[in-house]
Amino acid sequence: MSIPSFDLSNKVALVTGGSKGIGLGMAEALGQYGATVAINGRNPKDGEEAIKSLQEQGIEARFFQADVTSESEVTNMVEQVVEAFGRIDVLVNNAGMNIRKPLIETEEDDWDRVVGTNLKGVFLIGKAVAKQMVKQKSGKMINISSILGTIGRPNQTSYAASKGGINQLTKVWASELAPHGINVNALGPAYIKTPMTEDYLSDPEVLKGITDSTLVGRVGTLDDLVGPVVFLASDTCSYITGQTIYVDGGWTAK
Ligand code: NDP
């Protein structure tokens, strides 16, 4: 039996939305397992702070500013990452946002912003990075979905639509890219405390509803994503593609 390795040394990972929250947590995880990390976001100040914290842990990391909703910025950024590090072995397609509103209060602009960032952004990044991975004849793509890609909850019209779309893109890209040696999977977390969710989770009633919805009785943490993201990024993940893996304390099994 050959034992494949979780070691990510000599691999380059691009994490969109890697300057904060879940993206920064996953960048740290990949870096701790040896990867060189390119993180992205719009705000350079947050980006530089994140780089400082990654470098303090001995991780080779650089910030690349781009808005994932702009194809020209995305194309430029992917070119810059390849120029800086020579290749992209792992993509964590993570940048995202949410505007929680009931259906009848959701404005066209709310929909455009959420779906534009979470779904069009994931598409544009996936397309630009796929071109590079096809040239390399290898790669691991990890799209960040959510439990809302498969379950319904109130006030999530645009967000759930975008995450359901990500699950479908994951299957389509897995089908197209398998012949090029590229695995495409998604992670679907339940609630994790980050700048995006901290206000929402600070309401004790909301928090209780969420913890009661899981089987393990708690919200998620950044540590809960370390194993799943490192596994999907590593050479150990060669026979899994097109899947969405829910990191949700059992929520979607309930
Ligand atoms: P945060 O708001 O904490 O971080 C979002 C990150 O994305 C930041 O780095 C932000 O940087 C970047 N970003 C947002 N919009 C853009 C854009 N247009 N272009 C480039 N970068 C952008 O969110 P989370 O860490 O909570 O969420 C990260 C991902 O995880 C999202 O896809 C989210 O849907 C998903 N998720 C989160 C869950 C949670 O409970 N937190 C649960 C399930 C899924 P900047 O503002 O500088 O652009």
# chains A, B, ... in the order shown; residues from 1 in each chain; ligands from 1
call {"tool": "residues_near_ligand", "arguments": {"ligand": "ligand 1", "cutoff": "8 Å", "atoms": "only C-alpha atoms and all ligand atoms", "output": "CSV table (one decimal) with all heavy atoms, in the first residue's frame"}}
result
chain,number,residue,atom,x,y,z
A,16,THR,N,-9.1,33.1,-2.0
A,16,THR,CA,-9.8,34.3,-2.2
A,16,THR,C,-10.5,34.7,-0.9
A,16,THR,O,-10.9,33.8,-0.2
A,16,THR,CB,-10.8,34.3,-3.4
A,16,THR,OG1,-11.8,33.4,-3.0
A,16,THR,CG2,-10.1,33.9,-4.7
A,17,GLY,N,-10.6,36.0,-0.6
A,17,GLY,CA,-11.2,36.4,0.7
A,17,GLY,C,-10.4,35.8,1.8
A,17,GLY,O,-10.9,35.4,2.8
A,18,GLY,N,-9.0,35.7,1.6
A,18,GLY,CA,-8.2,35.1,2.6
A,18,GLY,C,-7.7,36.1,3.6
A,18,GLY,O,-6.8,35.8,4.5
A,19,SER,N,-8.2,37.3,3.6
A,19,SER,CA,-7.7,38.4,4.5
A,19,SER,C,-8.4,38.3,5.9
A,19,SER,O,-8.0,39.0,6.8
A,19,SER,CB,-7.8,39.7,3.9
A,19,SER,OG,-9.1,40.0,3.6
A,20,LYS,N,-9.5,37.6,6.0
A,20,LYS,CA,-10.3,37.6,7.2
A,20,LYS,C,-11.0,36.2,7.4
A,20,LYS,O,-11.0,35.4,6.5
A,20,LYS,CB,-11.4,38.6,7.1
A,20,LYS,CG,-11.1,40.0,7.4
A,20,LYS,CD,-12.3,40.9,7.3
A,20,LYS,CE,-12.2,41.9,6.2
A,20,LYS,NZ,-13.4,42.6,5.8
A,21,GLY,N,-11.6,36.0,8.6
A,21,GLY,CA,-12.5,35.0,8.8
A,21,GLY,C,-12.1,33.6,8.3
A,21,GLY,O,-10.9,33.2,8.6
A,22,ILE,N,-13.0,32.9,7.7
A,22,ILE,CA,-12.8,31.5,7.3
A,22,ILE,C,-11.6,31.4,6.3
A,22,ILE,O,-10.8,30.5,6.3
A,22,ILE,CB,-14.1,31.0,6.6
A,22,ILE,CG1,-15.1,30.7,7.8
A,22,ILE,CG2,-13.8,29.7,5.8
A,22,ILE,CD1,-16.4,30.2,7.2
A,23,GLY,N,-11.5,32.4,5.4
A,23,GLY,CA,-10.4,32.4,4.4
A,23,GLY,C,-9.1,32.5,5.0
A,23,GLY,O,-8.2,31.7,4.7
A,24,LEU,N,-8.9,33.4,6.0
A,24,LEU,CA,-7.6,33.5,6.7
A,24,LEU,C,-7.4,32.2,7.5
A,24,LEU,O,-6.2,31.7,7.5
A,24,LEU,CB,-7.7,34.7,7.6
A,24,LEU,CG,-6.4,35.0,8.4
A,24,LEU,CD1,-5.2,35.1,7.5
A,24,LEU,CD2,-6.5,36.3,9.2
A,40,ASN,N,-6.2,36.9,-1.0
A,40,ASN,CA,-6.8,38.0,-1.8
A,40,ASN,C,-7.9,38.6,-1.0
A,40,ASN,O,-8.5,38.0,-0.1
A,40,ASN,CB,-7.4,37.3,-3.1
A,40,ASN,CG,-8.7,38.0,-3.5
A,40,ASN,OD1,-9.8,37.6,-3.2
A,40,ASN,ND2,-8.6,39.1,-4.3
A,41,GLY,N,-8.2,39.8,-1.3
A,41,GLY,CA,-9.4,40.6,-0.8
A,41,GLY,C,-9.4,41.9,-1.5
A,41,GLY,O,-8.5,42.2,-2.3
A,42,ARG,N,-10.3,42.8,-1.0
A,42,ARG,CA,-10.3,44.2,-1.7
A,42,ARG,C,-9.5,45.2,-0.8
A,42,ARG,O,-8.9,46.1,-1.3
A,42,ARG,CB,-11.8,44.7,-1.8
A,42,ARG,CG,-12.5,43.9,-2.9
A,42,ARG,CD,-14.0,44.1,-2.7
A,42,ARG,NE,-14.4,43.7,-1.4
A,42,ARG,CZ,-15.7,43.8,-0.9
A,42,ARG,NH1,-16.6,44.3,-1.7
A,42,ARG,NH2,-16.0,43.3,0.3
A,43,ASN,N,-9.6,45.0,0.5
A,43,ASN,CA,-9.0,46.0,1.4
A,43,ASN,C,-7.5,45.7,1.7
A,43,ASN,O,-7.2,44.7,2.4
A,43,ASN,CB,-9.8,46.0,2.7
A,43,ASN,CG,-9.3,47.0,3.7
A,43,ASN,OD1,-8.2,47.4,3.7
A,43,ASN,ND2,-10.3,47.5,4.5
A,44,PRO,N,-6.6,46.5,1.2
A,44,PRO,CA,-5.2,46.1,1.4
A,44,PRO,C,-4.7,46.2,2.8
A,44,PRO,O,-3.8,45.4,3.2
A,44,PRO,CB,-4.4,47.2,0.5
A,44,PRO,CG,-5.4,48.2,0.1
A,44,PRO,CD,-6.8,47.7,0.4
A,46,ASP,N,-6.4,45.2,5.6
A,46,ASP,CA,-6.7,43.9,6.1
A,46,ASP,C,-5.8,42.9,5.6
A,46,ASP,O,-5.3,42.0,6.3
A,46,ASP,CB,-8.1,43.5,5.8
A,46,ASP,CG,-9.2,44.4,6.6
A,46,ASP,OD1,-8.8,45.0,7.6
A,46,ASP,OD2,-10.3,44.4,6.1
A,47,GLY,N,-5.5,43.0,4.3
A,47,GLY,CA,-4.6,42.0,3.6
A,47,GLY,C,-3.2,42.0,4.2
A,47,GLY,O,-2.6,41.0,4.5
A,65,GLN,N,-4.5,42.1,-4.2
A,65,GLN,CA,-5.8,42.9,-4.1
A,65,GLN,C,-6.5,42.7,-5.4
A,65,GLN,O,-6.0,42.8,-6.5
A,65,GLN,CB,-5.5,44.3,-4.0
A,65,GLN,CG,-6.7,45.2,-3.8
A,65,GLN,CD,-6.4,46.7,-3.7
A,65,GLN,OE1,-5.3,47.1,-4.1
A,65,GLN,NE2,-7.4,47.4,-3.3
A,66,ALA,N,-7.8,42.3,-5.3
A,66,ALA,CA,-8.7,42.2,-6.5
A,66,ALA,C,-10.1,42.1,-6.0
A,66,ALA,O,-10.4,41.5,-5.0
A,66,ALA,CB,-8.3,41.0,-7.4
A,67,ASP,N,-11.0,42.6,-6.8
A,67,ASP,CA,-12.5,42.4,-6.5
A,67,ASP,C,-12.9,41.2,-7.4
A,67,ASP,O,-12.8,41.3,-8.6
A,67,ASP,CB,-13.2,43.7,-6.9
A,67,ASP,CG,-14.7,43.6,-6.6
A,67,ASP,OD1,-15.2,42.5,-6.6
A,67,ASP,OD2,-15.3,44.6,-6.3
A,68,VAL,N,-13.4,40.2,-6.7
A,68,VAL,CA,-13.7,38.9,-7.5
A,68,VAL,C,-14.9,39.1,-8.4
A,68,VAL,O,-15.1,38.2,-9.3
A,68,VAL,CB,-13.9,37.7,-6.6
A,68,VAL,CG1,-12.7,37.4,-5.7
A,68,VAL,CG2,-15.1,37.9,-5.7
A,69,THR,N,-15.6,40.2,-8.3
A,69,THR,CA,-16.7,40.4,-9.3
A,69,THR,C,-16.3,41.1,-10.6
A,69,THR,O,-17.1,41.2,-11.5
A,69,THR,CB,-17.8,41.3,-8.6
A,69,THR,OG1,-17.3,42.6,-8.4
A,69,THR,CG2,-18.2,40.8,-7.3
A,93,ASN,N,-11.8,28.9,-3.3
A,93,ASN,CA,-12.6,29.9,-3.9
A,93,ASN,C,-13.6,30.3,-2.8
A,93,ASN,O,-14.7,29.7,-2.7
A,93,ASN,CB,-13.3,29.2,-5.1
A,93,ASN,CG,-13.6,30.1,-6.2
A,93,ASN,OD1,-13.7,31.3,-6.0
A,93,ASN,ND2,-13.8,29.5,-7.4
A,94,ASN,N,-13.2,31.2,-2.0
A,94,ASN,CA,-13.9,31.5,-0.7
A,94,ASN,C,-14.6,32.8,-0.6
A,94,ASN,O,-15.5,33.0,0.2
A,94,ASN,CB,-12.8,31.3,0.4
A,94,ASN,CG,-13.2,31.9,1.7
A,94,ASN,OD1,-14.0,31.3,2.5
A,94,ASN,ND2,-12.7,33.1,2.1
A,95,ALA,N,-14.1,33.9,-1.3
A,95,ALA,CA,-14.7,35.2,-1.0
A,95,ALA,C,-16.2,35.2,-1.1
A,95,ALA,O,-16.8,34.6,-2.0
A,95,ALA,CB,-14.1,36.2,-2.0
A,96,GLY,N,-16.8,35.8,-0.1
A,96,GLY,CA,-18.3,35.8,-0.1
A,96,GLY,C,-18.8,36.8,0.8
A,96,GLY,O,-18.1,37.4,1.6
A,97,MET,N,-20.2,37.0,0.8
A,97,MET,CA,-20.8,37.9,1.6
A,97,MET,C,-22.3,37.5,1.8
A,97,MET,O,-22.8,36.6,1.1
A,97,MET,CB,-20.8,39.3,1.0
A,97,MET,CG,-21.5,39.4,-0.3
A,97,MET,SD,-21.8,41.0,-0.9
A,97,MET,CE,-22.7,41.8,0.4
A,98,ASN,N,-23.0,38.2,2.7
A,98,ASN,CA,-24.4,37.9,2.9
A,98,ASN,C,-25.2,39.2,3.2
A,98,ASN,O,-24.7,40.1,3.8
A,98,ASN,CB,-24.6,36.9,4.0
A,98,ASN,CG,-26.0,36.2,3.9
A,98,ASN,OD1,-26.8,36.5,3.0
A,98,ASN,ND2,-26.2,35.3,4.9
A,117,THR,N,-21.1,38.5,-5.9
A,117,THR,CA,-19.9,38.1,-5.2
A,117,THR,C,-19.8,36.6,-5.1
A,117,THR,O,-18.7,36.0,-5.5
A,117,THR,CB,-19.9,38.7,-3.8
A,117,THR,OG1,-20.1,40.1,-3.9
A,117,THR,CG2,-18.6,38.4,-3.1
A,118,ASN,N,-20.8,36.0,-4.6
A,118,ASN,CA,-20.7,34.5,-4.2
A,118,ASN,C,-20.7,33.6,-5.4
A,118,ASN,O,-20.1,32.5,-5.3
A,118,ASN,CB,-21.8,34.2,-3.2
A,118,ASN,CG,-21.8,34.9,-1.9
A,118,ASN,OD1,-21.0,35.8,-1.7
A,118,ASN,ND2,-22.7,34.6,-1.1
A,121,GLY,N,-18.5,35.7,-8.7
A,121,GLY,CA,-17.1,35.8,-8.3
A,121,GLY,C,-16.4,34.4,-8.3
A,121,GLY,O,-15.3,34.2,-8.8
A,144,ILE,N,-16.1,27.3,-1.6
A,144,ILE,CA,-16.7,27.4,-0.3
A,144,ILE,C,-18.2,27.6,-0.5
A,144,ILE,O,-18.6,28.7,-0.9
A,144,ILE,CB,-16.0,28.4,0.6
A,144,ILE,CG1,-14.5,28.1,0.7
A,144,ILE,CG2,-16.7,28.4,1.9
A,144,ILE,CD1,-14.2,26.6,1.2
A,145,SER,N,-19.0,26.6,-0.2
A,145,SER,CA,-20.4,26.6,-0.2
A,145,SER,C,-20.9,26.9,1.2
A,145,SER,O,-20.3,27.7,1.9
A,145,SER,CB,-20.9,25.3,-0.8
A,145,SER,OG,-22.3,25.3,-0.8
A,146,SER,N,-22.0,26.3,1.6
A,146,SER,CA,-22.6,26.5,3.0
A,146,SER,C,-23.6,25.4,3.1
A,146,SER,O,-24.1,24.8,2.1
A,146,SER,CB,-23.2,27.9,3.0
A,146,SER,OG,-24.2,28.0,4.0
A,147,ILE,N,-24.1,25.2,4.4
A,147,ILE,CA,-25.3,24.3,4.5
A,147,ILE,C,-26.4,24.9,3.7
A,147,ILE,O,-27.3,24.2,3.3
A,147,ILE,CB,-25.7,24.2,6.0
A,147,ILE,CG1,-25.8,25.5,6.7
A,147,ILE,CG2,-24.7,23.2,6.7
A,147,ILE,CD1,-26.5,25.4,8.1
A,148,LEU,N,-26.4,26.2,3.5
A,148,LEU,CA,-27.5,26.9,2.8
A,148,LEU,C,-27.5,26.6,1.3
A,148,LEU,O,-28.3,27.0,0.5
A,148,LEU,CB,-27.5,28.4,3.0
A,148,LEU,CG,-28.1,28.6,4.4
A,148,LEU,CD1,-27.6,29.9,5.0
A,148,LEU,CD2,-29.6,28.6,4.4
A,159,TYR,N,-28.4,34.5,-0.8
A,159,TYR,CA,-27.3,33.7,-0.3
A,159,TYR,C,-27.5,32.2,-0.6
A,159,TYR,O,-26.6,31.6,-1.2
A,159,TYR,CB,-27.2,33.9,1.2
A,159,TYR,CG,-25.9,33.3,1.8
A,159,TYR,CD1,-24.7,34.0,1.7
A,159,TYR,CD2,-26.0,32.1,2.5
A,159,TYR,CE1,-23.6,33.4,2.3
A,159,TYR,CE2,-24.8,31.6,3.1
A,159,TYR,CZ,-23.6,32.2,3.0
A,159,TYR,OH,-22.5,31.7,3.6
A,163,LYS,N,-25.2,29.8,-3.0
A,163,LYS,CA,-24.5,28.6,-2.6
A,163,LYS,C,-25.0,27.3,-3.2
A,163,LYS,O,-24.2,26.4,-3.5
A,163,LYS,CB,-24.7,28.5,-1.0
A,163,LYS,CG,-24.0,29.6,-0.3
A,163,LYS,CD,-22.5,29.7,-0.6
A,163,LYS,CE,-21.8,30.8,0.2
A,163,LYS,NZ,-20.4,30.9,0.0
A,188,GLY,N,-19.0,22.8,2.7
A,188,GLY,CA,-20.3,23.5,3.1
A,188,GLY,C,-20.3,23.6,4.6
A,188,GLY,O,-20.8,22.7,5.3
A,189,PRO,N,-19.7,24.7,5.2
A,189,PRO,CA,-19.8,24.8,6.6
A,189,PRO,C,-21.2,25.2,7.1
A,189,PRO,O,-21.9,25.8,6.4
A,189,PRO,CB,-18.8,26.0,6.9
A,189,PRO,CG,-18.1,26.2,5.6
A,189,PRO,CD,-18.9,25.7,4.5
A,190,ALA,N,-21.4,24.9,8.4
A,190,ALA,CA,-22.6,25.6,9.1
A,190,ALA,C,-22.0,26.8,9.7
A,190,ALA,O,-21.0,27.4,9.2
A,190,ALA,CB,-23.1,24.6,10.1
A,191,TYR,N,-22.6,27.4,10.7
A,191,TYR,CA,-22.2,28.7,11.2
A,191,TYR,C,-20.9,28.7,12.0
A,191,TYR,O,-20.7,27.8,12.8
A,191,TYR,CB,-23.3,29.3,12.1
A,191,TYR,CG,-24.5,29.7,11.3
A,191,TYR,CD1,-25.5,28.8,11.0
A,191,TYR,CD2,-24.6,31.0,10.8
A,191,TYR,CE1,-26.6,29.1,10.3
A,191,TYR,CE2,-25.7,31.3,10.0
A,191,TYR,CZ,-26.7,30.4,9.8
A,191,TYR,OH,-27.8,30.8,9.0
A,192,ILE,N,-20.0,29.6,11.6
A,192,ILE,CA,-18.7,29.8,12.3
A,192,ILE,C,-18.6,31.3,12.6
A,192,ILE,O,-18.9,32.1,11.7
A,192,ILE,CB,-17.6,29.3,11.3
A,192,ILE,CG1,-17.7,27.8,11.1
A,192,ILE,CG2,-16.2,29.7,11.8
A,192,ILE,CD1,-16.7,27.2,10.2
A,193,LYS,N,-18.1,31.6,13.8
A,193,LYS,CA,-18.0,33.0,14.2
A,193,LYS,C,-16.9,33.7,13.4
A,193,LYS,O,-15.7,33.3,13.5
A,193,LYS,CB,-17.7,33.1,15.6
A,193,LYS,CG,-18.0,34.5,16.2
A,193,LYS,CD,-18.0,34.4,17.7
A,193,LYS,CE,-17.7,35.8,18.2
A,193,LYS,NZ,-17.2,35.9,19.5
A,194,THR,N,-17.2,34.6,12.5
A,194,THR,CA,-16.3,35.4,11.7
A,194,THR,C,-16.8,36.9,11.7
A,194,THR,O,-18.0,37.1,12.1
A,194,THR,CB,-16.2,34.9,10.3
A,194,THR,OG1,-17.4,35.1,9.6
A,194,THR,CG2,-15.8,33.4,10.2
A,195,PRO,N,-16.1,37.8,11.1
A,195,PRO,CA,-16.6,39.2,10.9
A,195,PRO,C,-18.0,39.1,10.2
A,195,PRO,O,-18.9,40.0,10.5
A,195,PRO,CB,-15.6,39.9,10.0
A,195,PRO,CG,-14.3,39.2,10.4
A,195,PRO,CD,-14.7,37.7,10.6
A,196,MET,N,-18.2,38.1,9.3
A,196,MET,CA,-19.5,38.1,8.6
A,196,MET,C,-20.7,37.7,9.5
A,196,MET,O,-21.8,38.1,9.3
A,196,MET,CB,-19.4,37.1,7.4
A,196,MET,CG,-20.6,37.1,6.5
A,196,MET,SD,-20.4,36.2,5.0
A,196,MET,CE,-21.1,34.6,5.5
A,197,THR,N,-20.4,36.9,10.5
A,197,THR,CA,-21.5,36.3,11.3
A,197,THR,C,-21.6,36.8,12.8
A,197,THR,O,-22.5,36.4,13.5
A,197,THR,CB,-21.4,34.8,11.3
A,197,THR,OG1,-20.1,34.4,11.7
A,197,THR,CG2,-21.7,34.2,10.0
A,220,GLY,N,-19.6,26.1,14.8
A,220,GLY,CA,-18.3,25.6,14.3
A,220,GLY,C,-17.2,26.6,14.7
A,220,GLY,O,-17.4,27.7,15.1
call {"tool": "closest_residue", "arguments": {"among": "A:Val216, A:Val226, A:Val114, A:Leu232", "to": "Gly25 of chain A", "atoms": "only C-alpha atoms"}}
result
A:Val226
call {"tool": "closest_residue", "arguments": {"among": "A:Asp235, A:Glu48, A:Asp248, A:Asp203", "to": "Ile182 of chain A", "atoms": "only C-alpha atoms"}}
result
A:Asp235
call {"tool": "residues_around", "arguments": {"residues": "Gln132 of chain A", "least_positions_apart": "6", "cutoff": "10 Å", "atoms": "only C-alpha atoms", "output": "PyMOL selection string"}}
result
chain A and resi 78-79+82+87-89+138-139
call {"tool": "write_last_selection", "arguments": {"atoms": "all heavy atoms", "output": "PDB file, in the first residue's frame"}}
result
ATOM      1  N   VAL A  78      -4.695  36.615 -11.090  1.00  0.00           N
ATOM      2  CA  VAL A  78      -4.218  35.240 -11.298  1.00  0.00           C
ATOM      3  C   VAL A  78      -2.870  35.277 -12.035  1.00  0.00           C
ATOM      4  O   VAL A  78      -1.933  34.544 -11.692  1.00  0.00           O
ATOM      5  CB  VAL A  78      -5.291  34.394 -12.020  1.00  0.00           C
ATOM      6  CG1 VAL A  78      -4.736  33.057 -12.478  1.00  0.00           C
ATOM      7  CG2 VAL A  78      -6.484  34.190 -11.085  1.00  0.00           C
ATOM      8  N   GLU A  79      -2.738  36.198 -12.989  1.00  0.00           N
ATOM      9  CA  GLU A  79      -1.444  36.341 -13.684  1.00  0.00           C
ATOM     10  C   GLU A  79      -0.340  36.751 -12.712  1.00  0.00           C
ATOM     11  O   GLU A  79       0.771  36.229 -12.767  1.00  0.00           O
ATOM     12  CB  GLU A  79      -1.554  37.411 -14.786  1.00  0.00           C
ATOM     13  CG  GLU A  79      -2.185  36.875 -16.058  1.00  0.00           C
ATOM     14  CD  GLU A  79      -2.514  37.985 -17.068  1.00  0.00           C
ATOM     15  OE1 GLU A  79      -2.039  39.137 -16.886  1.00  0.00           O
ATOM     16  OE2 GLU A  79      -3.245  37.691 -18.008  1.00  0.00           O
ATOM     17  N   VAL A  82       0.763  33.814 -10.542  1.00  0.00           N
ATOM     18  CA  VAL A  82       1.603  32.876 -11.297  1.00  0.00           C
ATOM     19  C   VAL A  82       2.990  33.488 -11.533  1.00  0.00           C
ATOM     20  O   VAL A  82       4.013  32.796 -11.439  1.00  0.00           O
ATOM     21  CB  VAL A  82       0.917  32.477 -12.629  1.00  0.00           C
ATOM     22  CG1 VAL A  82       1.841  31.623 -13.492  1.00  0.00           C
ATOM     23  CG2 VAL A  82      -0.390  31.735 -12.338  1.00  0.00           C
ATOM     24  N   ARG A  87       3.133  28.962 -10.194  1.00  0.00           N
ATOM     25  CA  ARG A  87       2.035  28.030 -10.443  1.00  0.00           C
ATOM     26  C   ARG A  87       0.933  28.217  -9.408  1.00  0.00           C
ATOM     27  O   ARG A  87       1.125  28.930  -8.423  1.00  0.00           O
ATOM     28  CB  ARG A  87       2.537  26.587 -10.409  1.00  0.00           C
ATOM     29  CG  ARG A  87       3.361  26.235  -9.160  1.00  0.00           C
ATOM     30  CD  ARG A  87       4.060  24.897  -9.272  1.00  0.00           C
ATOM     31  NE  ARG A  87       3.099  23.812  -9.319  1.00  0.00           N
ATOM     32  CZ  ARG A  87       2.983  22.996 -10.380  1.00  0.00           C
ATOM     33  NH1 ARG A  87       3.758  23.138 -11.428  1.00  0.00           N
ATOM     34  NH2 ARG A  87       2.095  22.017 -10.359  1.00  0.00           N
ATOM     35  N   ILE A  88      -0.200  27.558  -9.633  1.00  0.00           N
ATOM     36  CA  ILE A  88      -1.251  27.507  -8.598  1.00  0.00           C
ATOM     37  C   ILE A  88      -1.690  26.051  -8.481  1.00  0.00           C
ATOM     38  O   ILE A  88      -2.262  25.496  -9.427  1.00  0.00           O
ATOM     39  CB  ILE A  88      -2.466  28.407  -8.942  1.00  0.00           C
ATOM     40  CG1 ILE A  88      -2.035  29.876  -9.100  1.00  0.00           C
ATOM     41  CG2 ILE A  88      -3.547  28.294  -7.850  1.00  0.00           C
ATOM     42  CD1 ILE A  88      -3.153  30.824  -9.539  1.00  0.00           C
ATOM     43  N   ASP A  89      -1.376  25.436  -7.351  1.00  0.00           N
ATOM     44  CA  ASP A  89      -1.738  24.026  -7.162  1.00  0.00           C
ATOM     45  C   ASP A  89      -3.085  23.872  -6.495  1.00  0.00           C
ATOM     46  O   ASP A  89      -3.772  22.865  -6.702  1.00  0.00           O
ATOM     47  CB  ASP A  89      -0.674  23.345  -6.278  1.00  0.00           C
ATOM     48  CG  ASP A  89       0.702  23.431  -6.915  1.00  0.00           C
ATOM     49  OD1 ASP A  89       0.916  22.765  -7.935  1.00  0.00           O
ATOM     50  OD2 ASP A  89       1.540  24.208  -6.403  1.00  0.00           O
ATOM     51  N   SER A 138      -2.688  19.577 -13.501  1.00  0.00           N
ATOM     52  CA  SER A 138      -2.990  19.140 -12.137  1.00  0.00           C
ATOM     53  C   SER A 138      -3.558  20.308 -11.339  1.00  0.00           C
ATOM     54  O   SER A 138      -3.352  21.470 -11.706  1.00  0.00           O
ATOM     55  CB  SER A 138      -1.728  18.632 -11.424  1.00  0.00           C
ATOM     56  OG  SER A 138      -0.855  19.713 -11.186  1.00  0.00           O
ATOM     57  N   GLY A 139      -4.237  19.990 -10.256  1.00  0.00           N
ATOM     58  CA  GLY A 139      -4.738  21.048  -9.370  1.00  0.00           C
ATOM     59  C   GLY A 139      -5.873  20.547  -8.496  1.00  0.00           C
ATOM     60  O   GLY A 139      -6.493  19.512  -8.775  1.00  0.00           O
TER      61      GLY A 139
END
call {"tool": "decode", "arguments": {"residues": "segment 219-231 of chain A", "atoms": "N, CA, C and O atoms", "output": "mmCIF file, in the first residue's frame"}}
result
data_model
loop_
_atom_site.group_PDB
_atom_site.id
_atom_site.type_symbol
_atom_site.label_atom_id
_atom_site.label_comp_id
_atom_site.auth_asym_id
_atom_site.auth_seq_id
_atom_site.Cartn_x
_atom_site.Cartn_y
_atom_site.Cartn_z
ATOM 1 N N VAL A 219 -21.657 25.741 17.721
ATOM 2 C CA VAL A 219 -21.311 26.343 16.422
ATOM 3 C C VAL A 219 -19.925 25.842 16.029
ATOM 4 O O VAL A 219 -19.184 25.296 16.845
ATOM 5 N N GLY A 220 -19.585 26.070 14.765
ATOM 6 C CA GLY A 220 -18.278 25.620 14.280
ATOM 7 C C GLY A 220 -17.178 26.599 14.660
ATOM 8 O O GLY A 220 -17.439 27.733 15.071
ATOM 9 N N THR A 221 -15.937 26.145 14.498
ATOM 10 C CA THR A 221 -14.769 27.013 14.712
ATOM 11 C C THR A 221 -13.876 26.905 13.481
ATOM 12 O O THR A 221 -14.026 25.978 12.673
ATOM 13 N N LEU A 222 -12.928 27.824 13.386
ATOM 14 C CA LEU A 222 -11.996 27.764 12.252
ATOM 15 C C LEU A 222 -11.218 26.448 12.267
ATOM 16 O O LEU A 222 -10.911 25.880 11.214
ATOM 17 N N ASP A 223 -10.929 25.939 13.472
ATOM 18 C CA ASP A 223 -10.181 24.676 13.575
ATOM 19 C C ASP A 223 -10.932 23.513 12.912
ATOM 20 O O ASP A 223 -10.323 22.561 12.433
ATOM 21 N N ASP A 224 -12.268 23.589 12.920
ATOM 22 C CA ASP A 224 -13.055 22.496 12.327
ATOM 23 C C ASP A 224 -12.816 22.367 10.816
ATOM 24 O O ASP A 224 -13.127 21.329 10.222
ATOM 25 N N LEU A 225 -12.304 23.440 10.196
ATOM 26 C CA LEU A 225 -12.092 23.400 8.740
ATOM 27 C C LEU A 225 -10.676 22.964 8.358
ATOM 28 O O LEU A 225 -10.407 22.722 7.173
ATOM 29 N N VAL A 226 -9.782 22.875 9.345
ATOM 30 C CA VAL A 226 -8.374 22.589 9.022
ATOM 31 C C VAL A 226 -8.241 21.231 8.317
ATOM 32 O O VAL A 226 -7.694 21.144 7.204
ATOM 33 N N GLY A 227 -8.748 20.184 8.967
ATOM 34 C CA GLY A 227 -8.625 18.838 8.387
ATOM 35 C C GLY A 227 -9.263 18.752 7.007
ATOM 36 O O GLY A 227 -8.621 18.314 6.040
ATOM 37 N N PRO A 228 -10.543 19.196 6.876
ATOM 38 C CA PRO A 228 -11.192 19.094 5.565
ATOM 39 C C PRO A 228 -10.454 19.847 4.455
ATOM 40 O O PRO A 228 -10.273 19.328 3.350
ATOM 41 N N VAL A 229 -9.986 21.078 4.720
ATOM 42 C CA VAL A 229 -9.361 21.839 3.622
ATOM 43 C C VAL A 229 -7.991 21.261 3.277
ATOM 44 O O VAL A 229 -7.624 21.177 2.093
ATOM 45 N N VAL A 230 -7.241 20.833 4.295
ATOM 46 C CA VAL A 230 -5.914 20.257 4.007
ATOM 47 C C VAL A 230 -6.081 18.947 3.234
ATOM 48 O O VAL A 230 -5.371 18.693 2.253
ATOM 49 N N PHE A 231 -7.040 18.140 3.630
ATOM 50 C CA PHE A 231 -7.295 16.878 2.908
ATOM 51 C C PHE A 231 -7.628 17.139 1.433
ATOM 52 O O PHE A 231 -7.017 16.572 0.525
#
